[in-house]
Amino acid sequence: MARKFRNPTDDPLALKLLLGAIAISFVGLFLVMPLAVVFKEALAKGLGAALTAISDQDSLSSIRLSLIAAGIAVPLNTVFGIAAAWAIAKFDFPGKTFLVTLIDLPFSVSPVVAGLIYVLVFGAQGWFGPYLLDHDVHILFALPGIVLATIFVTFPFVARELIPLMTDQGRDEEEAAATLGASGFQTFRRVTLPNIKWGLLYAVLLCNARALGEFGAVSVVSGKIRGETVTMPLQVQLMYENYDYVGAFSVAAILAMLALLTLALKTLLEWRYADELAASHRR
Amino acid sequence: MSAIGLPLAFRRRTLPGFSLSLGFTLFYLTSLVLVPLLALLIRPWSLGFEGFWDAVTAPRVLASLRLSFGSAIAAAAIDSVFGLIIAWVLVRYRFPGKGLLDALIDLPFALPTAVAGIALSTLYAPSGWIGSILAEYGIKIAYTPWGVLVAMTFIALPFSVRTIQPVLADMGKDAEEAAATLGATRLQTIFRVALPMILPAILTGAAMAFARAVGEYGSIIFIAGNMPGISQIAPLMIVIKLEQYDYRGAAAIGVVMLAASFIMLLALNGLQAWAAKRR
């Protein structure tokens, strides 16, 4: 009897089963179980207790503050990302590679260091500390500091998605529009924007998730004044440290659901609009 | 593209908005990132190099740096091995639920670190799902330095998988087919043909995983227990120094962390150049 043909570049079944089992167990142990425990602990005393914890005054104001901080930081970084990608992808100039490296820099800086640098600039013993104190301007332990820290940690998201995407697309279409008499803004709105809209949405989505969830950088500059400078992740920490586990995990569950929603939308974009995202996200 | 071949200065820019977009980019980057980083770089030297050195080599600080760097290297190594296996399974095999597994890999990117921190801490505490099983064998993870390693392994996993996966998918099977034709066994083909081809991607993923893990704060402080000199990580030491208003000491540790970031960036650029040359 003839042996069944096996493609020589297919792994033997035993190896497939072994590697598959390792991959699934590792993901289950390290990724799925932490996610499951968040919802289990949030509902430990029933849905009612979880909802009560979320509608607590401090929890609600932390949700509001997180939304405000992300609502300022994400649009600013989006405008920056578009401007940087326009300059870098559509024009040639010396030092371009170095500029791209500098834009990526905040991703490799520890979040705590990101908070620290603003303390050194605006803190009581910082560069502008005495001046700000004299003029009664509050940056640290107030909304501006939280926004600055959030901007820093989400700084590269939009730029690093758009730069490779717009570089790949080249400048022929924009040059054609300009030749036909379109103004710069018309060219951007009618030619460039339709080409990058899904990539832009993808980047804004990830930028927003990080902005809402940032902990380290914000915790350094926030001062953790209850009801005033406490964002959602900081509220999770405060409740957890007060042994209010249902409360901590209930607020954490909102953040976890936001994370799952982000992942779902991200995956959808990768499937549906793969050709219109930066090459590194195409599946 | 008639402009090709002309020196840069003679090339006419056909599109508008160059000065505006570059000007805004440089202004935004300088005021929000570069100037504050400069404030960090010049801060620790008010007592000279010796003052900086004393701040960095104080026993508790040194222990925290050793813990952060040592655990980050170990986490990057663990994630490289399992990240490679996960990437291999995702690219080469077909099975139901693959899309879900693929999407889940990015969870540590999307899940806020504080949420990951309290979840891991609860999971590995002696009363938790995993901690209670390990406790029967006398193994303690939560509130020990091992907790730092667990949190870092969690947080850095996507960097390994997502760096290896696209390279593996692009690689094609020509070289493996050639090896099989020449009589290599499947394992020989994997270890001597396939893996060497994706080595640059494995190392790049490891470097990115290390860079992320070494600076991680949120997910670690809940599970580590934060005992002085034993399970305090370097970013936590910065926070402690700031709480004591020791700005100089905090900045000194910050400068060490920043130097590590720069070295990793250089290493990553070097790895990319190497990978491009091999292609």
# chains A, B, ... in the order shown; residues from 1 in each chain; ligands from 1
call {"tool": "interface_residues", "arguments": {"of": "chain A", "to": "chain B", "cutoff": "7 Å", "atoms": "only C-alpha atoms", "output": "ChimeraX atom specification"}}
result
/A:8-9,11,19-20,23,30,34,37-38,80,83-84,86-87,108-113,117-118,120-121,152,175,178,184,209-210,213-216,220,233,237,252,255-256,259,263,267
call {"tool": "atom_distance", "arguments": {"atom1": "atom CA of Thr150 of chain A", "atom2": "atom CA of Ala211 of chain A"}}
result
5.7 Å
call {"tool": "closest_atom_pairs", "arguments": {"of": "segment 23-128 of chain A", "to": "segment 244-247 of chain A", "cutoff": "9 Å", "atoms": "only C-alpha atoms", "output": "tab-separated table"}}
result
residue	atom	partner	partner_atom	distance
A:Glu41	CA	A:Val246	CA	6.3
A:Ala42	CA	A:Val246	CA	5.0
A:Leu43	CA	A:Val246	CA	7.2
A:Ala44	CA	A:Val246	CA	6.9
A:Lys45	CA	A:Val246	CA	7.3
A:Ala49	CA	A:Val246	CA	7.4
A:Ala50	CA	A:Val246	CA	6.3
A:Leu51	CA	A:Gly247	CA	8.9
A:Thr52	CA	A:Gly247	CA	8.4
A:Ala53	CA	A:Gly247	CA	4.9
A:Ile54	CA	A:Gly247	CA	6.9
A:Asp56	CA	A:Gly247	CA	8.9
A:Ser59	CA	A:Gly247	CA	8.7
call {"tool": "select_by_dssp", "arguments": {"residues": "segment 42-137 of chain B", "states": "alpha helix (DSSP H)", "output": "ChimeraX atom specification"}}
result
/B:42,48-57,59-92,98-104,107-110,113-124,129-136
call {"tool": "atom_distance", "arguments": {"atom1": "atom CA of His138 of chain A", "atom2": "atom CA of Ser62 of chain A"}}
result
18.9 Å
call {"tool": "atom_distance", "arguments": {"atom1": "atom CA of Tyr243 of chain A", "atom2": "atom CA of Gln232 of chain B"}}
result
21.4 Å
call {"tool": "closest_residue", "arguments": {"among": "B:Ile220, B:Gly97, B:Pro145, B:Gly249", "to": "Ile24 of chain A", "atoms": "only C-alpha atoms"}}
result
B:Gly97
call {"tool": "residues_around", "arguments": {"residues": "Lys266 of chain A", "least_positions_apart": "2", "cutoff": "9 Å", "atoms": "only C-alpha atoms", "output": "list in words"}}
result
Tyr202, Leu205, Leu206, Leu261, Thr262, Leu263, Ala264, Leu268, Leu269, Glu270 and Trp271 of chain A; Ala103 of chain B
